[in-house]
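Undergrad: Structure file query_18.txt (compact mmCIF, C-alpha atoms) is given on the next line.
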```
# COMPACT_ATOMS: atom_id res chain seq x y z
CA MET S 1 -14.68 -75.64 1.56
CA THR S 2 -11.63 -76.92 3.42
CA LEU S 3 -11.81 -78.38 6.92
CA ILE S 4 -10.19 -75.27 8.44
CA GLN S 5 -12.66 -73.00 6.65
CA GLU S 6 -15.51 -75.19 7.92
CA LYS S 7 -14.28 -75.11 11.51
CA VAL S 8 -13.52 -71.35 11.57
CA ARG S 9 -16.99 -70.65 10.22
CA GLN S 10 -18.44 -73.06 12.79
CA ALA S 11 -16.53 -71.24 15.55
CA VAL S 12 -18.17 -67.92 14.62
CA GLY S 13 -21.58 -69.52 15.08
CA LEU S 14 -20.54 -71.03 18.41
CA LEU S 15 -19.44 -67.64 19.74
CA LYS S 16 -22.89 -66.27 18.91
CA GLU S 17 -24.57 -69.30 20.48
CA PHE S 18 -22.66 -68.98 23.75
CA GLY S 19 -22.80 -65.19 23.92
CA MET S 20 -19.05 -64.69 23.68
CA ASP S 21 -17.45 -61.70 21.92
CA CYS S 22 -14.02 -63.04 21.13
CA TRP S 23 -12.05 -66.29 21.25
CA ILE S 24 -8.26 -66.42 21.17
CA THR S 25 -6.08 -69.49 20.66
CA PHE S 26 -2.63 -68.36 21.81
CA THR S 27 0.35 -70.66 21.26
CA ARG S 28 4.04 -70.93 20.27
CA GLU S 29 6.43 -73.65 19.04
CA SER S 30 3.36 -75.80 18.62
CA GLN S 31 5.24 -78.89 17.47
CA ILE S 32 6.72 -79.13 20.97
CA ASN S 33 3.78 -78.13 23.16
CA GLY S 34 0.96 -76.97 20.93
CA ASP S 35 -2.69 -76.38 21.64
CA PRO S 36 -4.80 -79.38 20.54
CA THR S 37 -7.29 -76.93 18.98
CA LEU S 38 -4.69 -75.53 16.57
CA VAL S 39 -5.32 -78.31 14.06
CA PHE S 40 -8.74 -76.75 13.33
CA LEU S 41 -7.22 -73.30 12.79
CA SER S 42 -3.91 -73.90 11.00
CA PRO S 43 -2.68 -76.51 8.49
CA ALA S 44 0.78 -76.59 10.06
CA ASP S 45 2.64 -75.92 13.28
CA VAL S 46 3.56 -72.36 14.18
CA THR S 47 6.91 -71.23 15.52
CA TRP S 48 6.67 -67.89 17.30
CA HIS S 49 3.96 -66.49 19.58
CA SER S 50 0.77 -66.75 17.52
CA ALA S 51 -2.80 -65.59 18.12
CA PHE S 52 -5.82 -66.91 16.21
CA ILE S 53 -8.66 -64.50 16.98
CA ILE S 54 -12.28 -65.24 16.06
CA CYS S 55 -15.17 -62.89 16.85
CA SER S 56 -18.91 -63.40 17.02
CA ASP S 57 -19.46 -60.69 14.38
CA GLY S 58 -17.54 -62.78 11.85
CA ARG S 59 -14.18 -61.02 12.01
CA THR S 60 -11.32 -63.53 11.91
CA ARG S 61 -7.64 -62.69 12.20
CA ALA S 62 -4.40 -64.59 12.68
CA ILE S 63 -1.30 -62.83 14.01
CA VAL S 64 1.76 -65.02 13.44
CA GLY S 65 5.47 -64.88 12.76
CA LEU S 66 6.38 -63.63 9.29
CA TYR S 67 7.49 -67.02 7.96
CA ASP S 68 4.20 -68.63 9.06
CA GLN S 69 2.07 -65.93 7.41
CA LYS S 70 1.76 -67.35 3.89
CA THR S 71 0.79 -70.83 5.11
CA ILE S 72 -2.05 -69.38 7.19
CA GLU S 73 -3.15 -67.00 4.42
CA GLU S 74 -3.53 -69.89 1.99
CA THR S 75 -6.24 -71.47 4.15
CA GLY S 76 -8.62 -68.70 3.07
CA ALA S 77 -10.18 -68.92 6.53
CA TYR S 78 -9.17 -65.50 7.88
CA ASN S 79 -10.18 -61.96 6.92
CA ARG S 80 -6.59 -60.94 7.51
CA VAL S 81 -3.31 -62.59 8.46
CA VAL S 82 -0.65 -60.37 10.02
CA GLY S 83 2.99 -61.47 9.95
CA PHE S 84 5.31 -59.85 12.50
CA VAL S 85 9.10 -59.73 12.70
CA THR S 86 10.22 -58.39 16.07
CA GLY S 87 7.32 -59.53 18.24
CA ILE S 88 3.58 -60.07 18.57
CA ARG S 89 2.95 -57.31 21.12
CA GLU S 90 2.32 -54.35 18.81
CA PRO S 91 0.00 -55.95 16.21
CA PHE S 92 -1.83 -57.94 18.87
CA LEU S 93 -2.56 -54.99 21.16
CA GLU S 94 -3.53 -52.77 18.22
CA TYR S 95 -6.16 -55.28 17.18
CA MET S 96 -7.43 -55.87 20.72
CA ARG S 97 -7.92 -52.11 21.15
CA GLU S 98 -9.95 -52.14 17.94
CA LEU S 99 -12.10 -55.06 19.12
CA ASP S 100 -12.47 -53.98 22.77
CA PRO S 101 -14.37 -57.20 23.68
CA ASP S 102 -16.25 -57.51 26.98
CA ARG S 103 -15.16 -61.14 27.42
CA ILE S 104 -12.23 -62.96 25.87
CA ALA S 105 -12.46 -66.77 25.77
CA VAL S 106 -9.14 -68.62 25.98
CA ASN S 107 -8.26 -72.31 26.02
CA TYR S 108 -8.03 -73.39 29.65
CA SER S 109 -10.14 -75.86 31.61
CA LYS S 110 -9.99 -77.78 34.88
CA GLY S 111 -12.25 -80.58 33.68
CA SER S 112 -11.44 -81.22 30.01
CA GLU S 113 -7.97 -81.95 28.63
CA ILE S 114 -8.99 -81.07 25.06
CA CYS S 115 -9.89 -77.54 26.17
CA ASP S 116 -6.76 -76.95 28.25
CA GLY S 117 -4.23 -76.10 25.55
CA LEU S 118 -3.07 -72.73 26.89
CA THR S 119 0.07 -73.38 28.94
CA HIS S 120 0.55 -71.56 32.22
CA GLY S 121 3.42 -69.55 30.80
CA MET S 122 1.39 -68.46 27.79
CA PHE S 123 -1.54 -67.58 30.05
CA LEU S 124 0.73 -65.29 32.09
CA THR S 125 2.11 -63.76 28.88
CA LEU S 126 -1.40 -63.09 27.60
CA GLN S 127 -2.43 -61.53 30.90
CA GLU S 128 0.59 -59.23 30.86
CA LEU S 129 -0.12 -58.13 27.30
CA LEU S 130 -3.80 -57.48 27.92
CA ALA S 131 -3.02 -55.62 31.14
CA GLU S 132 -1.43 -52.92 28.98
CA VAL S 133 -4.84 -52.19 27.44
CA GLY S 134 -6.90 -52.81 30.58
CA MET S 135 -8.31 -56.17 29.47
CA ALA S 136 -6.48 -58.68 31.71
CA ASP S 137 -9.61 -59.23 33.80
CA ARG S 138 -11.74 -60.13 30.78
CA LEU S 139 -10.31 -63.65 30.27
CA VAL S 140 -12.77 -66.52 30.64
CA PRO S 141 -12.47 -70.25 29.81
CA ALA S 142 -13.34 -71.25 26.24
CA GLU S 143 -14.38 -74.76 27.27
CA LYS S 144 -17.87 -74.59 25.76
CA ILE S 145 -16.58 -73.26 22.45
CA VAL S 146 -13.65 -75.66 22.16
CA SER S 147 -15.75 -78.66 23.21
CA ALA S 148 -18.50 -77.92 20.71
CA LEU S 149 -15.99 -77.25 17.91
CA ARG S 150 -14.41 -80.68 18.43
CA GLU S 151 -17.58 -82.57 19.25
CA ARG S 152 -20.02 -81.38 16.60
CA LYS S 153 -18.53 -83.12 13.61
CA THR S 154 -19.01 -81.70 10.15
CA ALA S 155 -19.95 -83.90 7.19
CA GLY S 156 -16.32 -83.86 6.09
CA GLU S 157 -15.10 -85.03 9.47
CA ILE S 158 -17.67 -87.85 9.57
CA GLY S 159 -16.49 -88.92 6.12
CA HIS S 160 -12.89 -89.24 7.32
CA ILE S 161 -13.96 -91.22 10.40
CA LYS S 162 -16.03 -93.60 8.25
CA ALA S 163 -13.02 -94.17 6.00
CA ALA S 164 -10.86 -95.01 9.03
CA ILE S 165 -13.50 -97.44 10.28
CA ARG S 166 -13.73 -99.23 6.92
CA GLU S 167 -9.95 -99.71 6.84
CA THR S 168 -9.98 -101.03 10.41
CA GLU S 169 -12.76 -103.50 9.68
CA SER S 170 -10.88 -104.70 6.61
CA ILE S 171 -7.77 -105.46 8.66
CA PHE S 172 -9.86 -107.21 11.33
CA ALA S 173 -11.28 -109.43 8.57
CA GLN S 174 -7.76 -110.27 7.39
CA VAL S 175 -6.38 -111.06 10.83
CA ALA S 176 -9.35 -113.33 11.54
CA ARG S 177 -7.92 -115.70 8.92
CA PHE S 178 -4.40 -115.38 10.35
CA ILE S 179 -5.15 -116.26 13.98
CA LYS S 180 -4.39 -119.89 14.81
CA PRO S 181 -3.69 -121.86 17.99
CA GLY S 182 0.00 -121.49 18.75
CA LYS S 183 0.32 -117.98 17.30
CA SER S 184 1.54 -115.44 19.86
CA GLU S 185 -0.09 -112.11 20.65
CA LYS S 186 3.03 -110.45 19.24
CA GLU S 187 2.76 -112.35 15.95
CA ILE S 188 -0.88 -111.34 15.56
CA ALA S 189 -0.07 -107.71 16.29
CA ALA S 190 2.85 -107.77 13.83
CA PHE S 191 0.54 -109.08 11.10
CA MET S 192 -1.86 -106.18 11.67
CA ARG S 193 0.90 -103.58 11.77
CA HIS S 194 2.20 -104.91 8.46
CA GLU S 195 -1.25 -104.44 6.91
CA VAL S 196 -1.30 -100.86 8.20
CA GLU S 197 2.04 -100.24 6.49
CA VAL S 198 0.92 -101.89 3.24
CA LYS S 199 -2.16 -99.66 3.15
CA LYS S 200 0.02 -96.61 3.93
CA LEU S 201 -2.06 -95.79 6.98
CA GLN S 202 -1.17 -94.65 10.49
CA PRO S 203 -2.12 -96.37 13.75
CA ALA S 204 -4.75 -94.42 15.69
CA TRP S 205 -2.55 -94.42 18.78
CA GLY S 206 0.95 -95.59 19.82
CA GLU S 207 2.21 -98.71 18.05
CA SER S 208 3.12 -100.44 21.31
CA THR S 209 -0.60 -100.94 22.07
CA CYS S 210 -2.19 -100.53 18.62
CA PRO S 211 -3.23 -103.21 18.20
CA ALA S 212 -3.63 -104.52 21.72
CA VAL S 213 -4.13 -108.31 21.75
CA PHE S 214 -5.34 -110.27 24.77
CA SER S 215 -5.61 -114.05 24.59
CA GLY S 216 -7.15 -116.14 27.36
CA PRO S 217 -7.72 -115.47 31.05
CA GLU S 218 -5.59 -113.38 33.44
CA THR S 219 -4.33 -110.88 30.87
CA ALA S 220 -3.80 -107.16 31.48
CA GLY S 221 -7.13 -106.66 29.72
CA ALA S 222 -6.49 -103.21 28.26
CA HIS S 223 -3.82 -100.59 27.48
CA TYR S 224 -1.00 -103.16 27.39
CA SER S 225 1.41 -104.35 24.72
CA PRO S 226 1.05 -107.77 23.07
CA THR S 227 3.10 -110.51 24.73
CA GLU S 228 4.61 -113.89 23.84
CA ARG S 229 1.46 -115.58 25.20
CA LYS S 230 0.23 -118.19 22.74
CA VAL S 231 -3.32 -118.54 21.46
CA GLU S 232 -4.86 -121.63 23.02
CA ARG S 233 -7.94 -123.68 22.21
CA GLY S 234 -10.93 -122.94 24.43
CA HIS S 235 -9.85 -119.35 25.06
CA VAL S 236 -11.46 -116.01 24.28
CA LEU S 237 -9.27 -113.54 22.41
CA ASN S 238 -10.01 -109.83 22.06
CA MET S 239 -8.29 -107.02 20.20
CA ASP S 240 -8.36 -103.22 20.41
CA PHE S 241 -7.31 -101.51 17.19
CA GLY S 242 -7.76 -98.40 15.06
CA VAL S 243 -6.18 -96.42 12.25
CA LYS S 244 -6.02 -92.79 11.24
CA VAL S 245 -7.23 -91.49 7.85
CA ASN S 246 -6.82 -87.82 6.90
CA GLY S 247 -6.15 -87.01 10.53
CA TYR S 248 -9.25 -88.78 11.92
CA CYS S 249 -9.34 -91.98 13.96
CA SER S 250 -11.22 -95.20 14.39
CA ASP S 251 -11.25 -97.21 17.62
CA LEU S 252 -12.82 -100.69 17.55
CA GLN S 253 -12.61 -103.92 19.53
CA ARG S 254 -13.52 -107.41 18.37
CA THR S 255 -13.84 -110.69 20.27
CA PHE S 256 -12.89 -114.17 18.98
CA TYR S 257 -13.30 -117.66 20.39
CA VAL S 258 -10.69 -120.34 19.67
CA LEU S 259 -12.58 -123.58 19.20
CA GLY S 260 -11.51 -126.52 21.35
CA GLU S 261 -10.88 -129.99 19.95
CA GLY S 262 -14.13 -131.33 18.52
CA GLU S 263 -16.02 -128.05 19.07
CA THR S 264 -18.06 -126.44 16.31
CA GLU S 265 -19.44 -123.59 18.42
CA PRO S 266 -18.56 -121.80 21.65
CA PRO S 267 -19.58 -123.34 24.97
CA ALA S 268 -22.62 -121.97 26.78
CA GLU S 269 -20.71 -119.69 29.18
CA VAL S 270 -18.79 -118.03 26.33
CA ARG S 271 -21.94 -117.59 24.28
CA LYS S 272 -23.78 -116.10 27.25
CA GLY S 273 -20.99 -113.61 27.93
CA PHE S 274 -20.76 -112.50 24.32
CA GLU S 275 -24.53 -112.19 23.88
CA THR S 276 -24.70 -110.11 27.06
CA ILE S 277 -22.16 -107.72 25.56
CA VAL S 278 -24.11 -107.50 22.29
CA LEU S 279 -27.31 -106.71 24.20
CA ALA S 280 -25.55 -104.04 26.28
CA VAL S 281 -24.12 -102.34 23.19
CA ARG S 282 -27.42 -102.41 21.31
CA SER S 283 -29.40 -101.13 24.31
CA ALA S 284 -26.96 -98.29 24.97
CA LYS S 285 -27.17 -97.13 21.35
CA LYS S 286 -30.95 -97.18 21.56
CA ALA S 287 -30.79 -94.89 24.62
CA MET S 288 -28.67 -92.27 22.85
CA LYS S 289 -30.13 -89.04 21.45
CA PRO S 290 -29.52 -85.31 21.81
CA GLY S 291 -30.19 -84.03 25.31
CA VAL S 292 -29.55 -87.32 27.11
CA LEU S 293 -26.95 -87.27 29.87
CA GLY S 294 -23.86 -89.43 29.42
CA PHE S 295 -24.19 -91.23 32.74
CA ASP S 296 -27.74 -92.33 31.86
CA VAL S 297 -26.49 -94.13 28.75
CA ASP S 298 -23.67 -95.74 30.74
CA ALA S 299 -26.21 -96.93 33.32
CA VAL S 300 -28.22 -98.80 30.67
CA ALA S 301 -25.28 -101.01 29.67
CA ARG S 302 -23.92 -101.32 33.21
CA MET S 303 -27.30 -102.58 34.47
CA ILE S 304 -27.42 -105.27 31.77
CA ILE S 305 -23.91 -106.53 32.57
CA VAL S 306 -24.48 -106.63 36.33
CA GLY S 307 -27.98 -108.02 35.91
CA ALA S 308 -26.56 -110.98 33.99
CA GLY S 309 -24.33 -111.83 36.97
CA TYR S 310 -21.06 -110.21 35.93
CA ALA S 311 -18.95 -107.60 37.73
CA GLU S 312 -19.44 -104.07 36.42
CA PHE S 313 -16.77 -102.94 33.98
CA PRO S 314 -14.14 -100.66 35.60
CA HIS S 315 -14.28 -97.86 33.04
CA ALA S 316 -16.68 -95.60 31.17
CA LEU S 317 -18.98 -97.18 28.61
CA GLY S 318 -17.79 -94.94 25.80
CA HIS S 319 -15.69 -91.94 24.83
CA GLN S 320 -15.73 -89.60 21.89
CA VAL S 321 -13.48 -90.13 18.85
CA GLY S 322 -12.15 -87.58 16.38
CA ARG S 323 -8.63 -86.32 15.78
CA PHE S 324 -7.63 -88.57 18.69
CA PRO S 325 -9.05 -91.92 19.84
CA HIS S 326 -10.11 -90.19 23.08
CA ASP S 327 -11.47 -86.86 21.92
CA GLY S 328 -14.18 -84.60 23.27
CA THR S 329 -15.45 -83.58 26.69
CA ALA S 330 -18.82 -85.32 27.06
CA LEU S 331 -18.49 -88.98 28.13
CA LEU S 332 -20.73 -92.03 28.43
CA GLY S 333 -19.55 -92.80 31.94
CA PRO S 334 -20.51 -93.34 35.58
CA LYS S 335 -20.45 -90.62 38.24
CA TRP S 336 -16.88 -91.38 39.30
CA GLU S 337 -14.36 -88.83 40.58
CA LYS S 338 -11.87 -89.46 37.77
CA TYR S 339 -14.39 -88.42 35.13
CA ALA S 340 -15.19 -85.06 36.79
CA GLN S 341 -18.17 -83.39 35.07
CA LYS S 342 -17.85 -85.25 31.77
CA PRO S 343 -20.67 -87.78 32.41
CA PHE S 344 -23.04 -84.93 33.35
CA LEU S 345 -22.90 -83.30 29.91
CA ARG S 346 -25.69 -83.77 27.40
CA LEU S 347 -25.28 -85.54 24.10
CA GLU S 348 -25.40 -83.34 21.01
CA GLU S 349 -26.00 -84.04 17.33
CA GLY S 350 -22.73 -84.76 15.53
CA MET S 351 -20.89 -86.31 18.48
CA VAL S 352 -19.09 -89.58 17.66
CA PHE S 353 -18.85 -92.10 20.50
CA THR S 354 -17.55 -95.58 21.14
CA ILE S 355 -19.71 -98.08 23.04
CA GLU S 356 -17.45 -100.63 24.75
CA PRO S 357 -18.71 -102.66 27.71
CA ARG S 358 -16.72 -105.71 28.82
CA LEU S 359 -16.99 -108.71 31.09
CA THR S 360 -14.87 -111.65 32.14
CA VAL S 361 -15.79 -115.21 31.21
CA PRO S 362 -14.07 -117.19 34.01
CA GLY S 363 -11.28 -119.43 32.74
CA ARG S 364 -11.79 -118.22 29.16
CA GLY S 365 -10.90 -114.55 28.86
CA ILE S 366 -12.49 -111.15 28.36
CA ALA S 367 -15.47 -110.62 26.07
CA THR S 368 -15.81 -107.09 24.73
CA ILE S 369 -16.97 -105.23 21.67
CA GLU S 370 -16.21 -101.62 20.82
CA GLU S 371 -18.47 -100.04 18.23
CA MET S 372 -18.66 -96.47 16.96
CA VAL S 373 -21.85 -94.43 16.58
CA VAL S 374 -22.78 -90.85 15.71
CA VAL S 375 -25.50 -88.94 17.54
CA THR S 376 -28.17 -87.82 15.08
CA LYS S 377 -31.14 -85.47 15.31
CA ASN S 378 -33.44 -88.17 16.70
CA GLY S 379 -31.12 -90.89 18.02
CA ALA S 380 -27.85 -92.50 17.00
CA GLU S 381 -26.56 -94.33 13.93
CA TRP S 382 -23.92 -97.02 13.57
CA LEU S 383 -20.69 -95.88 11.97
CA SER S 384 -19.04 -99.29 12.40
CA THR S 385 -20.60 -102.58 11.30
CA PRO S 386 -21.73 -104.04 14.64
CA GLN S 387 -20.32 -107.42 15.61
CA LYS S 388 -23.33 -109.65 16.26
CA GLU S 389 -21.66 -113.06 16.40
CA ILE S 390 -18.47 -114.11 18.13
CA LEU S 391 -15.71 -114.70 15.58
CA LEU S 392 -14.63 -118.34 15.57
CA VAL S 393 -11.04 -119.51 15.17
CA GLY S 394 -10.73 -123.13 14.04
```
Can you dump the structure from the file as structure tokens?

TA:
Amino acid sequence: MTLIQEKVRQAVGLLKEFGMDCWITFTRESQINGDPTLVFLSPADVTWHSAFIICSDGRTRAIVGLYDQKTIEETGAYNRVVGFVTGIREPFLEYMRELDPDRIAVNYSKGSEICDGLTHGMFLTLQELLAEVGMADRLVPAEKIVSALRERKTAGEIGHIKAAIRETESIFAQVARFIKPGKSEKEIAAFMRHEVEVKKLQPAWGESTCPAVFSGPETAGAHYSPTERKVERGHVLNMDFGVKVNGYCSDLQRTFYVLGEGETEPPAEVRKGFETIVLAVRSAKKAMKPGVLGFDVDAVARMIIVGAGYAEFPHALGHQVGRFPHDGTALLGPKWEKYAQKPFLRLEEGMVFTIEPRLTVPGRGIATIEEMVVVTKNGAEWLSTPQKEILLVG
């Protein structure tokens, strides 16, 4: 079974679970401004107004422009694919009259960007079309359906994520031998990008910050391009990096210590900082299982960091990963305004999360680890190989 067949079948089950009659993904010129859910419904971009309609009784139909019809048919995911020439109105309204659903879920959301793929213009177009058959007032947000479809990973999706993680860990192992005092952040990043090219992979996010490399104290700390700053002895160096395999991402961070003259191991303050991070990551994973709220997991790690005498990290503990490095609605985060309702959602089996606390070791740099885990029936399992010891640079 292909990924699209898996996800369309999964969507039928989700409609039943959430008591929804019909779900429509409505989009056009998707390469320019497409719905992020389309990747689960179509193997390619669509050009003209297109409707992917899935019903709780198992009926599945795609109504697309004529030249997109064959591509969608070949997925084998739909009972019928209709290709139009002059416009979508007639075939779309004919089918909606046949369905006559009580509620029609569509992809808009105030709180989750992954569920908000229906543009305002397309929403107005859909309303106008449905008004002709007396259904304009039946539109409801599809947030629960779209979230669950992205978040509950199939075995195939987990396999792709694991492959991306293995490639990322391999490149981290290679760059560990490349890092030397005097190398610049830009040189280190260039080495890693070269390895990505050699392996014919794609970076998980934009090349300007993938990888991100931060050496020593007083760096930007996150979401910033590598600079000409040189690696120095006695400094902590951390990197944020991921690749994409078969459309699925990894997102990992690793921390290094550059040994000073005569040193054979990190000084006490560096070791304490790193071990605090390891404890926070391990404890957060232990707290994860289906039904737990995201902010409760975040609080476990945050309490350990603050309890050890460090400032609390200024971001969520972890986000979901999938087709994008930041993917999914539920979040391991604090009850902050910017996260809206995401930290109040419950963990579900099949969700893939990062766990990434951080702290500052004064005068040395930032210590952080980012691991990836999957929520299982009774807890959570590592997807990445957890970093237990700080990586030493001689």

Undergrad: What does the distance from CA of Ala44 in chain S to CA of Val85 in chain S come to in Å, to one decimal?

TA: 19.0 Å

Undergrad: Give me the residues near Asp57 in chain S as number ranges by chain, where near means some atom within 12 Å (using all atoms listed in the file) and where sequence neighbours in that chain fewer than 5 positions away do not count.

TA: S: 9, 11-17, 19-23, 79, 99, 101

Undergrad: Extract, using only C-alpha atoms, all DNA, RNA and protein residues at most 7 Å from range 191-200 of chain S, discarding same-chain residues fewer than 4 positions from it, and format them as an MDAnalysis selection string.

TA: chainID S and resid 171 175 187

Undergrad: Listing only residues of range 328-393 of chain S within 12 Å of range 226-244 of chain S, what is the closest atom pair and its distance in Å (to one decimal) for each, using all atoms listed in the file, sorted by chain and residue number ascending, as a Markdown table?

TA:
```
| residue | atom | partner | partner_atom | distance |
| --- | --- | --- | --- | --- |
| S:Thr354 | CA | S:Gly242 | CA | 11.9 |
| S:Glu356 | CA | S:Asp240 | CA | 10.4 |
| S:Arg358 | CA | S:Asn238 | CA | 10.4 |
| S:Leu359 | CA | S:Val236 | CA | 11.4 |
| S:Thr360 | CA | S:Val236 | CA | 9.6 |
| S:Val361 | CA | S:Val236 | CA | 8.2 |
| S:Pro362 | CA | S:His235 | CA | 10.1 |
| S:Gly363 | CA | S:His235 | CA | 7.8 |
| S:Arg364 | CA | S:His235 | CA | 4.7 |
| S:Gly365 | CA | S:Val236 | CA | 4.8 |
| S:Ile366 | CA | S:Val236 | CA | 6.4 |
| S:Ala367 | CA | S:Asn238 | CA | 6.8 |
| S:Thr368 | CA | S:Asn238 | CA | 6.9 |
| S:Ile369 | CA | S:Asn238 | CA | 8.4 |
| S:Glu370 | CA | S:Asp240 | CA | 8.0 |
| S:Glu371 | CA | S:Asp240 | CA | 10.8 |
| S:Met372 | CA | S:Gly242 | CA | 11.2 |
| S:Ser384 | CA | S:Gly242 | CA | 11.6 |
| S:Ile390 | CA | S:Val236 | CA | 9.5 |
| S:Leu391 | CA | S:Leu237 | CA | 9.5 |
| S:Leu392 | CA | S:Val236 | CA | 9.6 |
| S:Val393 | CA | S:Arg233 | CA | 8.7 |
```

Undergrad: Which residue out of S:Gln5, S:Thr119, S:Arg302, S:Asp45 has the minimum interatomic distance to Ala77 in chain S when only C-alpha atoms are used?

TA: S:Gln5

Undergrad: Nearest to Ala280 in chain S: which of S:Ala222, S:Ile304, S:Ala176, S:Leu124 is it, counting only C-alpha atoms?

TA: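 Looking only at the distances to Ala280 in chain S, the closest residue turns out to be S:Ile304.
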